[in-house]
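Following: one structure in structure tokens, then a few remarks.
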Amino acid sequence: MLAVRSVKQLIGSMAKTGEIPQAILVTGKKRGERQEVADLLCRFLFCERPSAEGPCGTCPSCLKIGGGNHPDVIRVVHESPDVIKVDDIRTQVADTVTIRPYYGKRKIYVMDDADLMNPAAQNALLKTLEEPPAYVMFILATTEAHKIPITILSRCQRYDFHRISIDTIADRLAELLRAEGIEAEE
């Protein structure tokens, strides 16, 4: 599982400052984990009762996002399994970005495997990222951020999620055992 603490820190920071980035890039090894982070961020941003800990998980917005049917969360899908084409970006992003949100205060586009965009798709997305409407946000997710052009990366707040190493886990457990006065084998 991803470093949930890091995601909660990100959410806590957004809750405290009220500053929501226009675009976020999430990197991680597993697709499901990246999608989990994107969903958590969407639920937080649409939640009717958010806290510094995250979304409530029970309000209508949280439930709609959890069920995959929130009208203002657009998941950019691509027909080809190995490339995101310019038509995917045009029809799902560029042509719909000017339509105001239906239900919430914002509209969030979630694109997993963002590294699969071909150059034409990258240029189409870049045009949208350069001057997006104030109510639009993008969450791009990938395992290979180096394949995304710097012109797109420069417009994103980047969050890299990595698995915690065994050494880090062992050190933290040893620290907790010492604090609790419990003896254990190495």
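Scheme for the structure tokens: letters A, B, ... for chains in order shown; per-chain residue numbers from 1; ligand numbers from 1 in order shown.
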Every residue of region 1-182 of chain A that DSSP places in helix (DSSP H, G or I), as a PDB file with N, CA and C atoms, in the first residue's frame:
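The result, stored in states-v6.pdb:
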```
ATOM      1  N   VAL A   4       0.160   6.088   2.994  1.00  0.00           N
ATOM      2  CA  VAL A   4      -1.093   6.780   3.269  1.00  0.00           C
ATOM      3  C   VAL A   4      -0.825   8.062   4.049  1.00  0.00           C
ATOM      4  N   ARG A   5       0.181   8.017   4.896  1.00  0.00           N
ATOM      5  CA  ARG A   5       0.532   9.205   5.674  1.00  0.00           C
ATOM      6  C   ARG A   5       0.898  10.361   4.741  1.00  0.00           C
ATOM      7  N   SER A   6       1.609  10.080   3.647  1.00  0.00           N
ATOM      8  CA  SER A   6       1.980  11.123   2.690  1.00  0.00           C
ATOM      9  C   SER A   6       0.756  11.720   2.023  1.00  0.00           C
ATOM     10  N   VAL A   7      -0.207  10.870   1.669  1.00  0.00           N
ATOM     11  CA  VAL A   7      -1.438  11.354   1.050  1.00  0.00           C
ATOM     12  C   VAL A   7      -2.205  12.210   2.048  1.00  0.00           C
ATOM     13  N   LYS A   8      -2.276  11.762   3.286  1.00  0.00           N
ATOM     14  CA  LYS A   8      -2.983  12.540   4.308  1.00  0.00           C
ATOM     15  C   LYS A   8      -2.284  13.869   4.573  1.00  0.00           C
ATOM     16  N   GLN A   9      -0.940  13.888   4.498  1.00  0.00           N
ATOM     17  CA  GLN A   9      -0.218  15.145   4.668  1.00  0.00           C
ATOM     18  C   GLN A   9      -0.551  16.107   3.529  1.00  0.00           C
ATOM     19  N   LEU A  10      -0.627  15.582   2.315  1.00  0.00           N
ATOM     20  CA  LEU A  10      -0.999  16.401   1.161  1.00  0.00           C
ATOM     21  C   LEU A  10      -2.396  16.970   1.362  1.00  0.00           C
ATOM     22  N   ILE A  11      -3.335  16.127   1.746  1.00  0.00           N
ATOM     23  CA  ILE A  11      -4.706  16.564   1.972  1.00  0.00           C
ATOM     24  C   ILE A  11      -4.763  17.572   3.118  1.00  0.00           C
ATOM     25  N   GLY A  12      -4.036  17.300   4.197  1.00  0.00           N
ATOM     26  CA  GLY A  12      -4.006  18.218   5.327  1.00  0.00           C
ATOM     27  C   GLY A  12      -3.461  19.579   4.930  1.00  0.00           C
ATOM     28  N   SER A  13      -2.438  19.579   4.093  1.00  0.00           N
ATOM     29  CA  SER A  13      -1.853  20.827   3.614  1.00  0.00           C
ATOM     30  C   SER A  13      -2.854  21.607   2.776  1.00  0.00           C
ATOM     31  N   MET A  14      -3.583  20.918   1.899  1.00  0.00           N
ATOM     32  CA  MET A  14      -4.598  21.589   1.078  1.00  0.00           C
ATOM     33  C   MET A  14      -5.720  22.120   1.961  1.00  0.00           C
ATOM     34  N   ALA A  15      -6.108  21.352   2.983  1.00  0.00           N
ATOM     35  CA  ALA A  15      -7.184  21.787   3.877  1.00  0.00           C
ATOM     36  C   ALA A  15      -6.756  23.026   4.669  1.00  0.00           C
ATOM     37  N   LYS A  16      -5.515  23.038   5.127  1.00  0.00           N
ATOM     38  CA  LYS A  16      -5.021  24.135   5.954  1.00  0.00           C
ATOM     39  C   LYS A  16      -4.857  25.423   5.145  1.00  0.00           C
ATOM     40  N   THR A  17      -4.245  25.314   3.976  1.00  0.00           N
ATOM     41  CA  THR A  17      -3.949  26.510   3.181  1.00  0.00           C
ATOM     42  C   THR A  17      -5.105  26.915   2.270  1.00  0.00           C
ATOM     43  N   ARG A  31      -0.766   0.331 -10.546  1.00  0.00           N
ATOM     44  CA  ARG A  31      -1.891   1.076 -11.084  1.00  0.00           C
ATOM     45  C   ARG A  31      -2.995   1.270 -10.042  1.00  0.00           C
ATOM     46  N   GLY A  32      -3.364   0.233  -9.346  1.00  0.00           N
ATOM     47  CA  GLY A  32      -4.426   0.322  -8.354  1.00  0.00           C
ATOM     48  C   GLY A  32      -4.112   1.316  -7.259  1.00  0.00           C
ATOM     49  N   GLU A  33      -2.848   1.392  -6.880  1.00  0.00           N
ATOM     50  CA  GLU A  33      -2.457   2.331  -5.829  1.00  0.00           C
ATOM     51  C   GLU A  33      -2.538   3.772  -6.320  1.00  0.00           C
ATOM     52  N   ARG A  34      -2.127   3.996  -7.557  1.00  0.00           N
ATOM     53  CA  ARG A  34      -2.228   5.351  -8.121  1.00  0.00           C
ATOM     54  C   ARG A  34      -3.692   5.764  -8.214  1.00  0.00           C
ATOM     55  N   GLN A  35      -4.548   4.842  -8.629  1.00  0.00           N
ATOM     56  CA  GLN A  35      -5.979   5.140  -8.727  1.00  0.00           C
ATOM     57  C   GLN A  35      -6.568   5.398  -7.341  1.00  0.00           C
ATOM     58  N   GLU A  36      -6.080   4.674  -6.354  1.00  0.00           N
ATOM     59  CA  GLU A  36      -6.542   4.873  -4.979  1.00  0.00           C
ATOM     60  C   GLU A  36      -6.206   6.286  -4.502  1.00  0.00           C
ATOM     61  N   VAL A  37      -5.005   6.751  -4.808  1.00  0.00           N
ATOM     62  CA  VAL A  37      -4.602   8.106  -4.437  1.00  0.00           C
ATOM     63  C   VAL A  37      -5.478   9.121  -5.162  1.00  0.00           C
ATOM     64  N   ALA A  38      -5.688   8.930  -6.466  1.00  0.00           N
ATOM     65  CA  ALA A  38      -6.522   9.851  -7.242  1.00  0.00           C
ATOM     66  C   ALA A  38      -7.946   9.895  -6.669  1.00  0.00           C
ATOM     67  N   ASP A  39      -8.504   8.729  -6.341  1.00  0.00           N
ATOM     68  CA  ASP A  39      -9.854   8.680  -5.768  1.00  0.00           C
ATOM     69  C   ASP A  39      -9.904   9.375  -4.411  1.00  0.00           C
ATOM     70  N   LEU A  40      -8.891   9.159  -3.583  1.00  0.00           N
ATOM     71  CA  LEU A  40      -8.839   9.797  -2.270  1.00  0.00           C
ATOM     72  C   LEU A  40      -8.791  11.318  -2.420  1.00  0.00           C
ATOM     73  N   LEU A  41      -7.976  11.801  -3.356  1.00  0.00           N
ATOM     74  CA  LEU A  41      -7.908  13.241  -3.585  1.00  0.00           C
ATOM     75  C   LEU A  41      -9.248  13.787  -4.091  1.00  0.00           C
ATOM     76  N   CYS A  42      -9.872  13.070  -5.016  1.00  0.00           N
ATOM     77  CA  CYS A  42     -11.180  13.503  -5.533  1.00  0.00           C
ATOM     78  C   CYS A  42     -12.218  13.532  -4.421  1.00  0.00           C
ATOM     79  N   ARG A  43     -12.253  12.479  -3.603  1.00  0.00           N
ATOM     80  CA  ARG A  43     -13.238  12.443  -2.509  1.00  0.00           C
ATOM     81  C   ARG A  43     -13.001  13.609  -1.560  1.00  0.00           C
ATOM     82  N   PHE A  44     -11.735  13.892  -1.241  1.00  0.00           N
ATOM     83  CA  PHE A  44     -11.438  15.005  -0.348  1.00  0.00           C
ATOM     84  C   PHE A  44     -11.911  16.331  -0.945  1.00  0.00           C
ATOM     85  N   LEU A  45     -11.626  16.542  -2.222  1.00  0.00           N
ATOM     86  CA  LEU A  45     -11.954  17.818  -2.849  1.00  0.00           C
ATOM     87  C   LEU A  45     -13.464  18.037  -3.023  1.00  0.00           C
ATOM     88  N   PHE A  46     -14.230  16.957  -3.103  1.00  0.00           N
ATOM     89  CA  PHE A  46     -15.670  17.073  -3.252  1.00  0.00           C
ATOM     90  C   PHE A  46     -16.435  16.813  -1.952  1.00  0.00           C
ATOM     91  N   PRO A  60     -22.922  12.208   0.111  1.00  0.00           N
ATOM     92  CA  PRO A  60     -23.276  11.818  -1.266  1.00  0.00           C
ATOM     93  C   PRO A  60     -22.112  11.932  -2.262  1.00  0.00           C
ATOM     94  N   SER A  61     -21.313  12.982  -2.133  1.00  0.00           N
ATOM     95  CA  SER A  61     -20.180  13.139  -3.066  1.00  0.00           C
ATOM     96  C   SER A  61     -19.168  12.022  -2.906  1.00  0.00           C
ATOM     97  N   CYS A  62     -18.804  11.707  -1.671  1.00  0.00           N
ATOM     98  CA  CYS A  62     -17.840  10.620  -1.424  1.00  0.00           C
ATOM     99  C   CYS A  62     -18.375   9.300  -1.975  1.00  0.00           C
ATOM    100  N   LEU A  63     -19.663   9.056  -1.762  1.00  0.00           N
ATOM    101  CA  LEU A  63     -20.269   7.809  -2.232  1.00  0.00           C
ATOM    102  C   LEU A  63     -20.317   7.740  -3.755  1.00  0.00           C
ATOM    103  N   LYS A  64     -20.612   8.876  -4.401  1.00  0.00           N
ATOM    104  CA  LYS A  64     -20.637   8.896  -5.865  1.00  0.00           C
ATOM    105  C   LYS A  64     -19.249   8.623  -6.440  1.00  0.00           C
ATOM    106  N   ILE A  65     -18.242   9.242  -5.856  1.00  0.00           N
ATOM    107  CA  ILE A  65     -16.880   9.022  -6.346  1.00  0.00           C
ATOM    108  C   ILE A  65     -16.467   7.582  -6.090  1.00  0.00           C
ATOM    109  N   GLY A  66     -16.778   7.078  -4.906  1.00  0.00           N
ATOM    110  CA  GLY A  66     -16.467   5.683  -4.586  1.00  0.00           C
ATOM    111  C   GLY A  66     -17.147   4.705  -5.532  1.00  0.00           C
ATOM    112  N   VAL A  86      -4.392  11.686 -29.610  1.00  0.00           N
ATOM    113  CA  VAL A  86      -4.888  13.055 -29.570  1.00  0.00           C
ATOM    114  C   VAL A  86      -6.411  13.084 -29.553  1.00  0.00           C
ATOM    115  N   ASP A  87      -7.073  12.173 -30.235  1.00  0.00           N
ATOM    116  CA  ASP A  87      -8.545  12.141 -30.227  1.00  0.00           C
ATOM    117  C   ASP A  87      -9.088  11.853 -28.834  1.00  0.00           C
ATOM    118  N   ASP A  88      -8.375  11.020 -28.051  1.00  0.00           N
ATOM    119  CA  ASP A  88      -8.794  10.751 -26.665  1.00  0.00           C
ATOM    120  C   ASP A  88      -8.772  12.040 -25.853  1.00  0.00           C
ATOM    121  N   ILE A  89      -7.723  12.839 -26.019  1.00  0.00           N
ATOM    122  CA  ILE A  89      -7.592  14.093 -25.271  1.00  0.00           C
ATOM    123  C   ILE A  89      -8.604  15.114 -25.776  1.00  0.00           C
ATOM    124  N   ARG A  90      -8.753  15.198 -27.078  1.00  0.00           N
ATOM    125  CA  ARG A  90      -9.696  16.182 -27.636  1.00  0.00           C
ATOM    126  C   ARG A  90     -11.126  15.911 -27.197  1.00  0.00           C
ATOM    127  N   THR A  91     -11.582  14.676 -27.364  1.00  0.00           N
ATOM    128  CA  THR A  91     -12.988  14.378 -27.081  1.00  0.00           C
ATOM    129  C   THR A  91     -13.309  14.332 -25.593  1.00  0.00           C
ATOM    130  N   GLN A  92     -12.355  13.889 -24.778  1.00  0.00           N
ATOM    131  CA  GLN A  92     -12.654  13.726 -23.354  1.00  0.00           C
ATOM    132  C   GLN A  92     -12.204  14.909 -22.500  1.00  0.00           C
ATOM    133  N   VAL A  93     -11.248  15.702 -23.011  1.00  0.00           N
ATOM    134  CA  VAL A  93     -10.732  16.816 -22.216  1.00  0.00           C
ATOM    135  C   VAL A  93     -10.989  18.151 -22.914  1.00  0.00           C
ATOM    136  N   ALA A  94     -10.307  18.393 -24.011  1.00  0.00           N
ATOM    137  CA  ALA A  94     -10.347  19.708 -24.664  1.00  0.00           C
ATOM    138  C   ALA A  94     -11.761  20.140 -25.030  1.00  0.00           C
ATOM    139  N   ALA A 114      -0.544   8.306 -17.815  1.00  0.00           N
ATOM    140  CA  ALA A 114      -0.331   9.547 -18.561  1.00  0.00           C
ATOM    141  C   ALA A 114       0.906   9.485 -19.450  1.00  0.00           C
ATOM    142  N   ASP A 115       1.840   8.601 -19.115  1.00  0.00           N
ATOM    143  CA  ASP A 115       3.053   8.457 -19.924  1.00  0.00           C
ATOM    144  C   ASP A 115       2.773   7.858 -21.297  1.00  0.00           C
ATOM    145  N   LEU A 116       1.576   7.324 -21.506  1.00  0.00           N
ATOM    146  CA  LEU A 116       1.238   6.694 -22.786  1.00  0.00           C
ATOM    147  C   LEU A 116       0.757   7.686 -23.843  1.00  0.00           C
ATOM    148  N   PRO A 119       2.909  12.226 -28.901  1.00  0.00           N
ATOM    149  CA  PRO A 119       3.233  13.656 -28.947  1.00  0.00           C
ATOM    150  C   PRO A 119       2.044  14.565 -29.268  1.00  0.00           C
ATOM    151  N   ALA A 120       1.162  14.154 -30.154  1.00  0.00           N
ATOM    152  CA  ALA A 120      -0.004  14.978 -30.486  1.00  0.00           C
ATOM    153  C   ALA A 120      -0.936  15.107 -29.273  1.00  0.00           C
ATOM    154  N   ALA A 121      -1.120  14.027 -28.539  1.00  0.00           N
ATOM    155  CA  ALA A 121      -1.955  14.061 -27.333  1.00  0.00           C
ATOM    156  C   ALA A 121      -1.313  14.941 -26.268  1.00  0.00           C
ATOM    157  N   GLN A 122       0.010  14.858 -26.136  1.00  0.00           N
ATOM    158  CA  GLN A 122       0.722  15.703 -25.175  1.00  0.00           C
ATOM    159  C   GLN A 122       0.512  17.178 -25.500  1.00  0.00           C
ATOM    160  N   ASN A 123       0.607  17.525 -26.774  1.00  0.00           N
ATOM    161  CA  ASN A 123       0.409  18.923 -27.182  1.00  0.00           C
ATOM    162  C   ASN A 123      -1.021  19.379 -26.926  1.00  0.00           C
ATOM    163  N   ALA A 124      -1.997  18.512 -27.182  1.00  0.00           N
ATOM    164  CA  ALA A 124      -3.397  18.859 -26.926  1.00  0.00           C
ATOM    165  C   ALA A 124      -3.637  19.088 -25.434  1.00  0.00           C
ATOM    166  N   LEU A 125      -3.070  18.220 -24.598  1.00  0.00           N
ATOM    167  CA  LEU A 125      -3.216  18.396 -23.147  1.00  0.00           C
ATOM    168  C   LEU A 125      -2.502  19.662 -22.686  1.00  0.00           C
ATOM    169  N   LEU A 126      -1.320  19.909 -23.226  1.00  0.00           N
ATOM    170  CA  LEU A 126      -0.554  21.092 -22.843  1.00  0.00           C
ATOM    171  C   LEU A 126      -1.349  22.372 -23.110  1.00  0.00           C
ATOM    172  N   LYS A 127      -2.016  22.451 -24.240  1.00  0.00           N
ATOM    173  CA  LYS A 127      -2.833  23.637 -24.551  1.00  0.00           C
ATOM    174  C   LYS A 127      -3.899  23.853 -23.491  1.00  0.00           C
ATOM    175  N   THR A 128      -4.499  22.769 -23.024  1.00  0.00           N
ATOM    176  CA  THR A 128      -5.530  22.868 -21.990  1.00  0.00           C
ATOM    177  C   THR A 128      -4.909  23.238 -20.650  1.00  0.00           C
ATOM    178  N   LEU A 129      -3.734  22.676 -20.343  1.00  0.00           N
ATOM    179  CA  LEU A 129      -3.064  22.968 -19.073  1.00  0.00           C
ATOM    180  C   LEU A 129      -2.556  24.411 -18.993  1.00  0.00           C
ATOM    181  N   GLU A 130      -2.258  25.004 -20.137  1.00  0.00           N
ATOM    182  CA  GLU A 130      -1.708  26.355 -20.140  1.00  0.00           C
ATOM    183  C   GLU A 130      -2.699  27.389 -19.610  1.00  0.00           C
ATOM    184  N   ALA A 145       7.348   8.895 -15.101  1.00  0.00           N
ATOM    185  CA  ALA A 145       7.231  10.345 -15.251  1.00  0.00           C
ATOM    186  C   ALA A 145       8.229  10.907 -16.254  1.00  0.00           C
ATOM    187  N   HIS A 146       9.345  10.222 -16.434  1.00  0.00           N
ATOM    188  CA  HIS A 146      10.361  10.714 -17.373  1.00  0.00           C
ATOM    189  C   HIS A 146       9.861  10.721 -18.820  1.00  0.00           C
ATOM    190  N   LYS A 147       8.767  10.041 -19.112  1.00  0.00           N
ATOM    191  CA  LYS A 147       8.202  10.022 -20.463  1.00  0.00           C
ATOM    192  C   LYS A 147       7.235  11.183 -20.706  1.00  0.00           C
ATOM    193  N   ILE A 150       8.626  17.916 -20.142  1.00  0.00           N
ATOM    194  CA  ILE A 150       8.874  18.887 -19.079  1.00  0.00           C
ATOM    195  C   ILE A 150       7.855  20.023 -19.122  1.00  0.00           C
ATOM    196  N   THR A 151       7.334  20.328 -20.303  1.00  0.00           N
ATOM    197  CA  THR A 151       6.337  21.394 -20.418  1.00  0.00           C
ATOM    198  C   THR A 151       5.053  21.048 -19.660  1.00  0.00           C
ATOM    199  N   ILE A 152       4.726  19.775 -19.594  1.00  0.00           N
ATOM    200  CA  ILE A 152       3.562  19.324 -18.810  1.00  0.00           C
ATOM    201  C   ILE A 152       3.959  19.180 -17.344  1.00  0.00           C
ATOM    202  N   LEU A 153       5.127  18.578 -17.086  1.00  0.00           N
ATOM    203  CA  LEU A 153       5.588  18.394 -15.705  1.00  0.00           C
ATOM    204  C   LEU A 153       5.696  19.724 -14.963  1.00  0.00           C
ATOM    205  N   ILE A 166      11.960  -2.400   3.850  1.00  0.00           N
ATOM    206  CA  ILE A 166      11.937  -3.318   4.991  1.00  0.00           C
ATOM    207  C   ILE A 166      12.767  -2.744   6.142  1.00  0.00           C
ATOM    208  N   ASP A 167      13.906  -2.129   5.820  1.00  0.00           N
ATOM    209  CA  ASP A 167      14.757  -1.532   6.862  1.00  0.00           C
ATOM    210  C   ASP A 167      14.029  -0.415   7.608  1.00  0.00           C
ATOM    211  N   THR A 168      13.291   0.399   6.879  1.00  0.00           N
ATOM    212  CA  THR A 168      12.540   1.482   7.515  1.00  0.00           C
ATOM    213  C   THR A 168      11.457   0.920   8.427  1.00  0.00           C
ATOM    214  N   ILE A 169      10.763  -0.097   7.949  1.00  0.00           N
ATOM    215  CA  ILE A 169       9.725  -0.740   8.766  1.00  0.00           C
ATOM    216  C   ILE A 169      10.339  -1.345  10.024  1.00  0.00           C
ATOM    217  N   ALA A 170      11.459  -2.059   9.874  1.00  0.00           N
ATOM    218  CA  ALA A 170      12.125  -2.698  11.016  1.00  0.00           C
ATOM    219  C   ALA A 170      12.599  -1.649  12.019  1.00  0.00           C
ATOM    220  N   ASP A 171      13.171  -0.558  11.523  1.00  0.00           N
ATOM    221  CA  ASP A 171      13.636   0.510  12.422  1.00  0.00           C
ATOM    222  C   ASP A 171      12.478   1.122  13.195  1.00  0.00           C
ATOM    223  N   ARG A 172      11.371   1.360  12.532  1.00  0.00           N
ATOM    224  CA  ARG A 172      10.207   1.957  13.191  1.00  0.00           C
ATOM    225  C   ARG A 172       9.614   1.003  14.228  1.00  0.00           C
ATOM    226  N   LEU A 173       9.538  -0.295  13.891  1.00  0.00           N
ATOM    227  CA  LEU A 173       9.042  -1.276  14.858  1.00  0.00           C
ATOM    228  C   LEU A 173       9.950  -1.345  16.086  1.00  0.00           C
ATOM    229  N   ALA A 174      11.259  -1.332  15.864  1.00  0.00           N
ATOM    230  CA  ALA A 174      12.209  -1.365  16.986  1.00  0.00           C
ATOM    231  C   ALA A 174      12.030  -0.132  17.870  1.00  0.00           C
ATOM    232  N   GLU A 175      11.829   1.017  17.245  1.00  0.00           N
ATOM    233  CA  GLU A 175      11.611   2.262  17.984  1.00  0.00           C
ATOM    234  C   GLU A 175      10.341   2.175  18.832  1.00  0.00           C
ATOM    235  N   LEU A 176       9.268   1.641  18.262  1.00  0.00           N
ATOM    236  CA  LEU A 176       8.010   1.492  19.000  1.00  0.00           C
ATOM    237  C   LEU A 176       8.145   0.503  20.159  1.00  0.00           C
ATOM    238  N   LEU A 177       8.839  -0.599  19.897  1.00  0.00           N
ATOM    239  CA  LEU A 177       9.047  -1.584  20.968  1.00  0.00           C
ATOM    240  C   LEU A 177       9.841  -0.988  22.116  1.00  0.00           C
ATOM    241  N   ARG A 178      10.894  -0.230  21.796  1.00  0.00           N
ATOM    242  CA  ARG A 178      11.675   0.434  22.856  1.00  0.00           C
ATOM    243  C   ARG A 178      10.806   1.398  23.632  1.00  0.00           C
ATOM    244  N   ALA A 179       9.998   2.186  22.936  1.00  0.00           N
ATOM    245  CA  ALA A 179       9.139   3.173  23.598  1.00  0.00           C
ATOM    246  C   ALA A 179       8.124   2.502  24.515  1.00  0.00           C
ATOM    247  N   GLU A 180       7.662   1.326  24.153  1.00  0.00           N
ATOM    248  CA  GLU A 180       6.674   0.605  24.954  1.00  0.00           C
ATOM    249  C   GLU A 180       7.321  -0.304  25.989  1.00  0.00           C
TER     250      GLU A 180
END
```
**Q.** Filtered DSSP result for chain A, state strand (DSSP E), as number ranges by chain
**A.** A: 23-27, 73-75, 107-111, 136-142, 157-160
For the residues in that selection, give me N, CA and C atoms as a compact mmCIF listing (two decimals), in the first residue's frame.
```
# COMPACT_ATOMS: atom_id res chain seq x y z
N ALA A 23 -2.94 21.16 -11.27
CA ALA A 23 -2.59 19.84 -11.80
C ALA A 23 -1.65 19.13 -10.83
N ILE A 24 -1.91 17.84 -10.65
CA ILE A 24 -1.09 17.01 -9.77
C ILE A 24 -0.62 15.81 -10.58
N LEU A 25 0.64 15.47 -10.40
CA LEU A 25 1.18 14.26 -11.00
C LEU A 25 1.49 13.29 -9.87
N VAL A 26 0.90 12.11 -9.94
CA VAL A 26 1.11 11.08 -8.94
C VAL A 26 1.90 9.95 -9.60
N THR A 27 3.02 9.60 -9.01
CA THR A 27 3.79 8.48 -9.55
C THR A 27 3.81 7.37 -8.51
N VAL A 73 -16.15 14.12 -12.00
CA VAL A 73 -14.87 13.40 -12.02
C VAL A 73 -14.83 12.63 -13.33
N ILE A 74 -13.99 13.10 -14.23
CA ILE A 74 -13.90 12.51 -15.57
C ILE A 74 -12.64 11.68 -15.66
N ARG A 75 -12.81 10.40 -15.86
CA ARG A 75 -11.67 9.50 -16.02
C ARG A 75 -11.38 9.39 -17.51
N LYS A 107 -14.27 20.55 -11.46
CA LYS A 107 -14.32 19.42 -12.37
C LYS A 107 -12.91 18.84 -12.37
N ILE A 108 -12.79 17.54 -12.15
CA ILE A 108 -11.47 16.92 -12.06
C ILE A 108 -11.33 15.87 -13.15
N TYR A 109 -10.26 16.00 -13.91
CA TYR A 109 -9.92 15.02 -14.94
C TYR A 109 -8.83 14.12 -14.38
N VAL A 110 -9.07 12.82 -14.39
CA VAL A 110 -8.11 11.84 -13.87
C VAL A 110 -7.59 11.03 -15.05
N MET A 111 -6.28 11.05 -15.25
CA MET A 111 -5.69 10.30 -16.36
C MET A 111 -4.61 9.37 -15.81
N VAL A 136 -11.29 23.80 -13.10
CA VAL A 136 -10.76 22.54 -13.61
C VAL A 136 -9.47 22.15 -12.91
N MET A 137 -9.35 20.87 -12.63
CA MET A 137 -8.14 20.31 -12.02
C MET A 137 -7.80 19.01 -12.75
N PHE A 138 -6.52 18.71 -12.83
CA PHE A 138 -6.07 17.49 -13.46
C PHE A 138 -5.28 16.65 -12.46
N ILE A 139 -5.52 15.35 -12.48
CA ILE A 139 -4.69 14.41 -11.72
C ILE A 139 -4.15 13.43 -12.75
N LEU A 140 -2.85 13.52 -12.99
CA LEU A 140 -2.19 12.62 -13.91
C LEU A 140 -1.45 11.57 -13.08
N ALA A 141 -1.49 10.34 -13.50
CA ALA A 141 -0.84 9.26 -12.77
C ALA A 141 0.01 8.45 -13.75
N THR A 142 1.17 8.01 -13.27
CA THR A 142 2.09 7.26 -14.12
C THR A 142 3.12 6.50 -13.30
N GLN A 157 2.05 19.79 -9.72
CA GLN A 157 2.70 19.48 -8.45
C GLN A 157 2.92 17.99 -8.46
N ARG A 158 4.13 17.56 -8.18
CA ARG A 158 4.47 16.15 -8.33
C ARG A 158 4.57 15.48 -6.96
N TYR A 159 3.97 14.29 -6.89
CA TYR A 159 4.02 13.48 -5.68
C TYR A 159 4.44 12.07 -6.06
N ASP A 160 5.61 11.68 -5.60
CA ASP A 160 6.15 10.35 -5.88
C ASP A 160 5.89 9.46 -4.67
```
Q.
So that I can see what lies close to region 98-100 of chain A, please list as number ranges by chain the residues with an atom at most 8 Å from it, counting only C-alpha atoms and leaving out residues fewer than 6 positions away in the same chain.
A. A: 106-107, 133, 135
Q. Do you have the CA of Thr143 (chain A)-CA of Gly68 (chain A) distance handy?
A.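 A separation of 22.5 Å between them.
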Q: Rank A:Pro101, A:Glu19, A:Pro132, A:Met117 by their smallest atom-to-atom distance to His70 (chain A), using only C-alpha atoms, and report the top residue only.
A: A:Pro101
Q) If you measure from CA of Gln22 (chain A) to CA of Pro50 (chain A), what distance in Å do you get, rounded to one decimal? A)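 CA of Pro50 (chain A) lies 19.4 Å from CA of Gln22 (chain A).
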Q: Just give me the gap between CA of Pro71 (chain A) and CA of Gly28 (chain A) in Å, one decimal is fine.
A: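 Separation of CA of Pro71 (chain A) and CA of Gly28 (chain A): 26.2 Å.
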